[in-house]
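Novice: Pasting final07.cif here (mmCIF, C-alpha atoms (C1' of nucleotides)):
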```
data_start
#
loop_
_atom_site.label_atom_id
_atom_site.label_comp_id
_atom_site.auth_asym_id
_atom_site.auth_seq_id
_atom_site.Cartn_x
_atom_site.Cartn_y
_atom_site.Cartn_z
CA MET A 22 0.15 -24.24 -5.05
CA SER A 23 -2.62 -26.77 -5.45
CA GLU A 24 -4.86 -26.94 -8.49
CA SER A 25 -7.93 -25.79 -6.59
CA SER A 26 -6.40 -22.54 -5.32
CA SER A 27 -8.38 -20.38 -7.67
CA ASP A 28 -11.58 -22.14 -6.65
CA LYS A 29 -10.83 -21.47 -3.03
CA ILE A 30 -9.97 -17.88 -3.80
CA SER A 31 -13.33 -17.47 -5.54
CA GLU A 32 -15.05 -18.97 -2.54
CA ILE A 33 -13.33 -16.67 -0.08
CA ILE A 34 -13.99 -13.62 -2.20
CA SER A 35 -17.69 -14.32 -2.55
CA GLU A 36 -17.92 -14.88 1.19
CA ILE A 37 -16.23 -11.58 1.97
CA SER A 38 -18.10 -9.64 -0.70
CA ARG A 39 -21.33 -10.85 0.85
CA ILE A 40 -20.34 -9.20 4.12
CA TYR A 41 -19.28 -5.83 2.77
CA GLY A 42 -21.10 -3.42 0.48
CA ALA A 43 -20.25 -2.53 -3.09
CA ASP A 44 -18.92 0.98 -2.48
CA GLU A 45 -15.89 2.29 -4.27
CA TRP A 46 -13.13 2.11 -1.79
CA TRP A 47 -10.25 4.53 -2.37
CA GLU A 48 -11.36 8.08 -1.55
CA ALA A 49 -9.80 10.55 -3.96
CA ASP A 50 -10.94 13.26 -6.37
CA SER A 51 -8.44 12.58 -9.12
CA ALA A 52 -5.75 10.24 -10.39
CA GLU A 53 -3.17 12.70 -9.08
CA GLU A 54 -4.68 12.50 -5.64
CA VAL A 55 -4.62 8.69 -5.77
CA MET A 56 -0.92 8.78 -6.62
CA ILE A 57 -0.15 11.16 -3.78
CA GLY A 58 -2.25 9.13 -1.37
CA ALA A 59 -0.57 5.92 -2.53
CA ILE A 60 2.80 7.25 -1.35
CA LEU A 61 1.41 8.70 1.86
CA THR A 62 -0.44 5.52 2.85
CA GLN A 63 2.69 3.39 2.94
CA GLN A 64 2.87 1.69 6.32
CA THR A 65 0.30 4.07 7.78
CA ARG A 66 -3.39 4.17 8.64
CA TRP A 67 -5.69 5.84 6.13
CA GLU A 68 -7.00 8.31 8.72
CA ASN A 69 -3.54 9.89 8.85
CA VAL A 70 -3.42 10.07 5.07
CA ARG A 71 -6.78 11.80 5.01
CA THR A 72 -5.44 14.40 7.42
CA ALA A 73 -2.30 14.93 5.36
CA ILE A 74 -4.20 15.21 2.07
CA SER A 75 -6.57 17.78 3.46
CA ARG A 76 -3.63 19.76 4.81
CA LEU A 77 -2.03 19.65 1.37
CA LYS A 78 -5.29 20.77 -0.22
CA MET A 79 -5.62 23.59 2.28
CA HIS A 80 -2.40 25.02 0.87
CA ASP A 81 -3.24 24.11 -2.71
CA LEU A 82 -0.38 21.62 -2.74
CA CYS A 83 -2.24 18.49 -3.75
CA SER A 84 -1.05 18.46 -7.34
CA PHE A 85 2.21 17.61 -9.03
CA PRO A 86 2.98 21.04 -10.49
CA LYS A 87 2.58 22.57 -7.03
CA ILE A 88 4.47 19.81 -5.31
CA ARG A 89 7.33 20.14 -7.73
CA SER A 90 7.85 23.80 -6.96
CA ALA A 91 7.04 23.69 -3.25
CA ASP A 92 9.57 23.97 -0.44
CA PRO A 93 10.42 20.39 0.63
CA ALA A 94 10.40 21.38 4.28
CA PHE A 95 6.88 22.71 3.95
CA ILE A 96 5.65 19.49 2.36
CA GLU A 97 7.30 17.54 5.17
CA GLU A 98 5.47 19.64 7.69
CA LEU A 99 2.07 19.10 6.05
CA ILE A 100 2.40 15.33 5.67
CA ARG A 101 3.99 14.74 9.06
CA PRO A 102 0.98 12.82 10.46
CA THR A 103 1.59 9.97 8.01
CA GLY A 104 5.01 9.15 9.44
CA TYR A 105 8.22 8.69 7.43
CA TYR A 106 7.52 12.24 6.39
CA ARG A 107 10.98 13.15 5.16
CA GLN A 108 11.16 10.06 2.98
CA LYS A 109 7.62 10.54 1.70
CA ALA A 110 8.16 14.21 0.90
CA ARG A 111 11.15 13.20 -1.17
CA ARG A 112 9.12 10.50 -2.90
CA LEU A 113 6.36 12.96 -3.75
CA LYS A 114 8.96 15.24 -5.31
CA LEU A 115 10.33 12.33 -7.36
CA LEU A 116 6.83 11.36 -8.45
CA ALA A 117 6.08 14.92 -9.53
CA GLU A 118 9.29 14.94 -11.53
CA PHE A 119 8.37 11.61 -13.08
CA VAL A 120 4.91 12.76 -14.12
CA LEU A 121 5.79 16.25 -15.34
CA GLU A 122 9.29 15.97 -16.69
CA ARG A 123 9.65 12.40 -17.81
CA HIS A 124 6.11 12.03 -19.15
CA GLY A 125 4.85 15.54 -19.77
CA GLY A 126 1.84 15.32 -17.48
CA MET A 127 -0.97 13.04 -16.33
CA GLU A 128 -2.67 13.09 -19.71
CA ASN A 129 0.19 11.23 -21.37
CA LEU A 130 0.37 8.72 -18.56
CA SER A 131 -3.31 7.95 -18.78
CA ASN A 132 -2.88 7.11 -22.46
CA MET A 133 -0.20 4.51 -21.80
CA GLU A 134 -0.76 0.79 -22.11
CA THR A 135 -1.19 -0.82 -18.69
CA HIS A 136 1.89 -3.05 -18.58
CA LEU A 137 4.14 -0.31 -19.85
CA LEU A 138 2.66 2.12 -17.36
CA ARG A 139 3.26 -0.38 -14.56
CA ARG A 140 6.90 -0.78 -15.50
CA GLU A 141 7.32 2.96 -15.66
CA LEU A 142 5.72 3.49 -12.25
CA LEU A 143 7.96 0.84 -10.73
CA SER A 144 11.01 2.70 -11.97
CA VAL A 145 10.26 5.56 -9.59
CA ASN A 146 12.07 5.38 -6.27
CA GLY A 147 9.42 4.89 -3.62
CA VAL A 148 6.92 3.15 -5.89
CA GLY A 149 6.93 -0.59 -5.24
CA GLU A 150 4.52 -3.26 -6.46
CA GLU A 151 1.66 -2.42 -4.14
CA THR A 152 1.86 1.30 -4.69
CA ALA A 153 2.07 0.82 -8.45
CA ASP A 154 -0.92 -1.52 -8.48
CA SER A 155 -2.99 0.84 -6.35
CA ILE A 156 -2.22 3.66 -8.75
CA LEU A 157 -3.16 1.51 -11.74
CA ALA A 158 -6.37 0.20 -10.22
CA TYR A 159 -7.70 3.25 -8.40
CA GLY A 160 -5.98 6.13 -10.18
CA PHE A 161 -6.09 4.98 -13.78
CA MET A 162 -8.97 2.50 -13.41
CA ARG A 163 -6.99 -0.30 -15.03
CA ASP A 164 -7.80 -3.97 -14.80
CA CYS A 165 -5.38 -4.79 -12.02
CA ILE A 166 -5.71 -6.62 -8.73
CA VAL A 167 -3.81 -5.09 -5.82
CA ILE A 168 -1.94 -7.60 -3.71
CA ASP A 169 -1.05 -5.97 -0.43
CA ARG A 170 -0.06 -7.22 3.01
CA TYR A 171 -3.63 -7.75 4.13
CA THR A 172 -4.42 -9.76 1.02
CA LYS A 173 -1.38 -11.91 1.56
CA ARG A 174 -2.26 -12.38 5.20
CA ILE A 175 -5.76 -13.56 4.44
CA PHE A 176 -4.72 -16.06 1.80
CA ALA A 177 -1.74 -17.26 3.78
CA CYS A 178 -4.14 -17.85 6.66
CA ALA A 179 -6.37 -19.84 4.33
CA GLY A 180 -3.39 -22.00 3.49
CA ILE A 181 -3.12 -20.90 -0.11
CA THR A 182 0.05 -18.84 -0.47
CA SER A 183 1.66 -15.65 0.75
CA ASP A 184 3.76 -15.26 -2.37
CA GLY A 185 2.67 -12.12 -4.21
CA ASP A 186 3.36 -13.33 -7.73
CA GLU A 187 1.65 -16.66 -7.14
CA LEU A 188 -1.35 -14.93 -5.63
CA ARG A 189 -1.57 -12.57 -8.59
CA ARG A 190 -1.66 -15.49 -11.01
CA ALA A 191 -4.26 -17.34 -8.97
CA PHE A 192 -6.35 -14.17 -8.77
CA GLU A 193 -6.29 -13.66 -12.50
CA GLU A 194 -7.61 -17.17 -12.86
CA ALA A 195 -10.21 -16.83 -10.14
CA LEU A 196 -11.64 -13.37 -10.75
CA PRO A 197 -14.59 -12.67 -12.99
CA GLY A 198 -12.60 -9.92 -14.61
CA THR A 199 -14.00 -6.41 -14.63
CA SER A 200 -11.64 -3.80 -13.24
CA SER A 201 -14.32 -2.30 -11.00
CA ALA A 202 -14.90 -5.72 -9.47
CA LYS A 203 -11.20 -6.00 -8.71
CA ARG A 204 -11.16 -2.59 -7.08
CA ARG A 205 -14.07 -3.52 -4.87
CA ILE A 206 -12.63 -6.91 -4.00
CA HIS A 207 -9.33 -5.48 -2.89
CA GLY A 208 -11.16 -2.95 -0.73
CA HIS A 209 -13.26 -5.71 0.78
CA LEU A 210 -10.22 -7.81 1.57
CA VAL A 211 -8.51 -4.93 3.33
CA GLU A 212 -11.58 -4.05 5.36
CA TYR A 213 -12.13 -7.67 6.20
CA ALA A 214 -8.56 -8.14 7.38
CA LYS A 215 -8.75 -5.00 9.51
CA ASP A 216 -11.91 -6.30 11.14
CA PHE A 217 -11.04 -9.93 11.67
CA CYS A 218 -7.31 -10.61 11.34
CA ASN A 219 -6.50 -9.63 14.91
CA LYS A 220 -6.34 -11.39 18.24
CA SER A 221 -9.78 -10.44 19.43
CA ARG A 222 -11.81 -11.44 16.38
CA CYS A 223 -9.72 -14.02 14.58
CA GLU A 224 -11.98 -16.75 15.98
CA GLU A 225 -14.98 -15.21 14.21
CA CYS A 226 -13.26 -15.28 10.84
CA VAL A 227 -15.54 -17.02 8.34
CA ILE A 228 -12.56 -17.90 6.20
CA ARG A 229 -11.40 -20.27 8.90
CA ASN A 230 -14.15 -22.60 7.79
CA LEU A 231 -12.60 -22.64 4.34
CA CYS A 232 -9.09 -23.37 5.62
CA GLU A 233 -7.51 -26.79 5.69
"C1'" DG B 26 5.08 1.37 27.04
"C1'" DA B 27 4.87 -2.05 23.59
"C1'" DC B 28 2.94 -2.91 19.17
"C1'" DC B 29 1.18 -2.08 14.63
"C1'" DA B 30 -0.32 0.59 10.42
"C1'" DG B 31 -3.64 0.25 2.94
"C1'" DG B 32 5.67 -0.44 1.99
"C1'" DT B 33 9.97 0.41 -0.01
"C1'" DC B 34 14.80 0.85 -0.27
"C1'" DC B 35 19.42 -0.13 1.07
"C1'" DT B 36 22.79 -2.88 3.25
"C1'" DT B 37 24.61 -7.43 4.58
"C1'" DG B 38 25.81 -12.18 4.73
"C1'" DC C 10 19.17 -13.41 -3.36
"C1'" DA C 11 17.03 -13.72 1.33
"C1'" DA C 12 17.09 -11.48 5.67
"C1'" DG C 13 17.43 -7.41 8.49
"C1'" DG C 14 17.33 -2.54 9.37
"C1'" DA C 15 15.76 2.26 8.55
"C1'" DC C 16 12.33 5.40 7.88
"C1'" DA C 17 8.52 8.15 12.05
"C1'" DT C 18 3.88 9.57 13.55
"C1'" DG C 19 -0.51 8.30 15.74
"C1'" DG C 20 -3.77 5.22 17.77
"C1'" DT C 21 -4.93 0.97 20.93
#
```
Go ahead and render the structure in this file as structure tokens.
Specialist:
Amino acid sequence: MSESSSDKISEIISEISRIYGADEWWEADSAEEVMIGAILTQQTRWENVRTAISRLKMHDLCSFPKIRSADPAFIEELIRPTGYYRQKARRLKLLAEFVLERHGGMENLSNMETHLLRRELLSVNGVGEETADSILAYGFMRDCIVIDRYTKRIFACAGITSDGDELRRAFEEALPGTSSAKRRIHGHLVEYAKDFCNKSRCEECVIRNLCE
DNA sequence: GACCAGGTCCTTG
DNA sequence: CAAGGACATGGT
């Protein structure tokens, strides 16, 4: 990766942030809900997650104690719109076990140091890097940039890198640093990619002007 | 009807 | 350890 990558990242971010507002991005009422949504959103549109979450809430099943004791088949039924529903129902069960049994509840988790918490989250089957980072950034409000597929796509397109670890390092160097800024930036990148990284609007992409 | 979505895990070579 | 497949519904 070239020396000026972080400069270019800063440039791209300020361009995109200019286009989108400063709203908080992940819709959720609690850290628990972020964690549940983070599993449900895997490889699925957010609209389907919204449906699934509201169905869970309708049956008072949007919390780990309830999920832990619920009938797996019933959870599957409620989250069906998000796809991979059998796998995701299992992952929600594992996450509930992780939170309640391994760590004694959300309170203890929220008191953990960020890097330790990240390692712990990654130890759960079904929680990969992107899910863990989303949970850290949007659930526990930690200083953590989320590198997801959209982010990689944008920066690969700009000729920087599509390697997650490299991008993370370059981001740390490029970003001003507050955790709320990182949350907003990730949201902006995702929205930007949804809008412009497709066949019909790729030509309008302002980042193209910043590419080699 | 193909193609993709706010990924991750498991199996193969 | 990289590449490929499986998981599955809903919208364009």
Novice: Under the PyMOL selection byres ((chain A) within 8 of (chain C)), which residues of this model are included? Write them out as a ChimeraX atom specification.
Specialist: /A:69,101-106,108
Novice: Please check the contacts: residues of chain B at most 12 Å away from chain A, using only C-alpha atoms (C1' of nucleotides), listed as a PyMOL selection string.
Specialist: chain B and resi 29-35
Novice: Quick check, in Å to one decimal: how far apart do atom CA of Cys165 of chain A and atom CA of Ser200 of chain A lie?
Specialist: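 Pair atom CA of Cys165 of chain A / atom CA of Ser200 of chain A returns 6.5 Å.
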Novice: Tell me which protein, DNA and RNA residues are within 12 Å of Ala158 of chain A, counting all atoms listed in the file, leaving out same-chain ones fewer than 2 positions away, and put them as number ranges by chain.
Specialist: A: 45-47, 52, 55-56, 59, 131, 135, 138-139, 151-156, 160-168, 199-208
Novice: Could you pull the residues within 10 Å of segment 90-98 of chain A, counting only C-alpha atoms (C1' of nucleotides), minus those fewer than 5 positions along the same chain, as a PDB file with C-alpha atoms, in the coordinates of the input?
Specialist:
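File selection-v2.pdb, as written:
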```pdb
ATOM      1  CA  ALA A  73      -2.300  14.930   5.360  1.00  0.00           C
ATOM      2  CA  ARG A  76      -3.630  19.760   4.810  1.00  0.00           C
ATOM      3  CA  LEU A  77      -2.030  19.650   1.370  1.00  0.00           C
ATOM      4  CA  HIS A  80      -2.400  25.020   0.870  1.00  0.00           C
ATOM      5  CA  LEU A  82      -0.380  21.620  -2.740  1.00  0.00           C
ATOM      6  CA  PHE A  85       2.210  17.610  -9.030  1.00  0.00           C
ATOM      7  CA  THR A 103       1.590   9.970   8.010  1.00  0.00           C
ATOM      8  CA  GLY A 104       5.010   9.150   9.440  1.00  0.00           C
ATOM      9  CA  TYR A 105       8.220   8.690   7.430  1.00  0.00           C
ATOM     10  CA  TYR A 106       7.520  12.240   6.390  1.00  0.00           C
ATOM     11  CA  ARG A 107      10.980  13.150   5.160  1.00  0.00           C
ATOM     12  CA  GLN A 108      11.160  10.060   2.980  1.00  0.00           C
ATOM     13  CA  LYS A 109       7.620  10.540   1.700  1.00  0.00           C
ATOM     14  CA  ALA A 110       8.160  14.210   0.900  1.00  0.00           C
ATOM     15  CA  ARG A 111      11.150  13.200  -1.170  1.00  0.00           C
ATOM     16  CA  LEU A 113       6.360  12.960  -3.750  1.00  0.00           C
ATOM     17  CA  LYS A 114       8.960  15.240  -5.310  1.00  0.00           C
ATOM     18  CA  ALA A 117       6.080  14.920  -9.530  1.00  0.00           C
TER      19      ALA A 117
END
```
Novice: Mind pulling up the distance from atom CA of Glu187 of chain A to atom CA of His209 of chain A?
Specialist: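 Separation between atom CA of His209 of chain A and atom CA of Glu187 of chain A: 20.1 Å.
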Novice: Do you have the atom CA of Val145 of chain A-atom CA of His124 of chain A distance handy?
Specialist: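 Atom-to-atom, atom CA of Val145 of chain A and atom CA of His124 of chain A are spaced 12.3 Å apart.
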Novice: Would you fill out segment 162-184 of chain A with N, CA and C atoms and return it as an mmCIF file, in the coordinates of the input?
Specialist:
```cif
data_model
loop_
_atom_site.group_PDB
_atom_site.id
_atom_site.type_symbol
_atom_site.label_atom_id
_atom_site.label_comp_id
_atom_site.auth_asym_id
_atom_site.auth_seq_id
_atom_site.Cartn_x
_atom_site.Cartn_y
_atom_site.Cartn_z
ATOM 1 N N MET A 162 -7.835 3.406 -13.181
ATOM 2 C CA MET A 162 -8.970 2.500 -13.410
ATOM 3 C C MET A 162 -8.612 1.345 -14.345
ATOM 4 N N ARG A 163 -7.413 0.819 -14.173
ATOM 5 C CA ARG A 163 -6.990 -0.300 -15.030
ATOM 6 C C ARG A 163 -7.428 -1.621 -14.407
ATOM 7 N N ASP A 164 -7.450 -2.628 -15.242
ATOM 8 C CA ASP A 164 -7.800 -3.970 -14.800
ATOM 9 C C ASP A 164 -6.598 -4.568 -14.088
ATOM 10 N N CYS A 165 -6.575 -4.417 -12.775
ATOM 11 C CA CYS A 165 -5.380 -4.790 -12.020
ATOM 12 C C CYS A 165 -5.772 -5.105 -10.577
ATOM 13 N N ILE A 166 -5.402 -6.282 -10.109
ATOM 14 C CA ILE A 166 -5.710 -6.620 -8.730
ATOM 15 C C ILE A 166 -4.554 -6.196 -7.839
ATOM 16 N N VAL A 167 -4.857 -5.525 -6.737
ATOM 17 C CA VAL A 167 -3.810 -5.090 -5.820
ATOM 18 C C VAL A 167 -3.556 -6.178 -4.789
ATOM 19 N N ILE A 168 -2.326 -6.621 -4.717
ATOM 20 C CA ILE A 168 -1.940 -7.600 -3.710
ATOM 21 C C ILE A 168 -1.154 -6.874 -2.624
ATOM 22 N N ASP A 169 -1.773 -6.644 -1.501
ATOM 23 C CA ASP A 169 -1.050 -5.970 -0.430
ATOM 24 C C ASP A 169 -0.879 -6.919 0.765
ATOM 25 N N ARG A 170 -0.342 -6.390 1.838
ATOM 26 C CA ARG A 170 -0.060 -7.220 3.010
ATOM 27 C C ARG A 170 -1.294 -7.915 3.549
ATOM 28 N N TYR A 171 -2.386 -7.172 3.615
ATOM 29 C CA TYR A 171 -3.630 -7.750 4.130
ATOM 30 C C TYR A 171 -4.078 -8.920 3.263
ATOM 31 N N THR A 172 -4.015 -8.699 1.956
ATOM 32 C CA THR A 172 -4.420 -9.760 1.020
ATOM 33 C C THR A 172 -3.565 -11.003 1.238
ATOM 34 N N LYS A 173 -2.276 -10.783 1.339
ATOM 35 C CA LYS A 173 -1.380 -11.910 1.560
ATOM 36 C C LYS A 173 -1.694 -12.611 2.870
ATOM 37 N N ARG A 174 -1.992 -11.809 3.890
ATOM 38 C CA ARG A 174 -2.260 -12.380 5.200
ATOM 39 C C ARG A 174 -3.477 -13.287 5.166
ATOM 40 N N ILE A 175 -4.525 -12.783 4.513
ATOM 41 C CA ILE A 175 -5.760 -13.560 4.440
ATOM 42 C C ILE A 175 -5.527 -14.887 3.723
ATOM 43 N N PHE A 176 -4.861 -14.835 2.580
ATOM 44 C CA PHE A 176 -4.720 -16.060 1.800
ATOM 45 C C PHE A 176 -3.642 -16.989 2.346
ATOM 46 N N ALA A 177 -2.699 -16.415 3.088
ATOM 47 C CA ALA A 177 -1.740 -17.260 3.780
ATOM 48 C C ALA A 177 -2.470 -17.999 4.888
ATOM 49 N N CYS A 178 -3.351 -17.262 5.575
ATOM 50 C CA CYS A 178 -4.140 -17.850 6.660
ATOM 51 C C CYS A 178 -5.024 -18.973 6.136
ATOM 52 N N ALA A 179 -5.513 -18.814 4.920
ATOM 53 C CA ALA A 179 -6.370 -19.840 4.330
ATOM 54 C C ALA A 179 -5.548 -20.971 3.724
ATOM 55 N N GLY A 180 -4.246 -20.917 3.926
ATOM 56 C CA GLY A 180 -3.390 -22.000 3.490
ATOM 57 C C GLY A 180 -3.122 -22.036 2.001
ATOM 58 N N ILE A 181 -3.327 -20.917 1.335
ATOM 59 C CA ILE A 181 -3.120 -20.900 -0.110
ATOM 60 C C ILE A 181 -1.675 -20.529 -0.433
ATOM 61 N N THR A 182 -1.332 -19.264 -0.279
ATOM 62 C CA THR A 182 0.050 -18.840 -0.470
ATOM 63 C C THR A 182 0.204 -17.415 0.023
ATOM 64 N N SER A 183 1.421 -17.043 0.391
ATOM 65 C CA SER A 183 1.660 -15.650 0.750
ATOM 66 C C SER A 183 2.604 -15.025 -0.271
ATOM 67 N N ASP A 184 2.877 -15.781 -1.324
ATOM 68 C CA ASP A 184 3.760 -15.260 -2.370
ATOM 69 C C ASP A 184 2.970 -14.361 -3.322
#
```
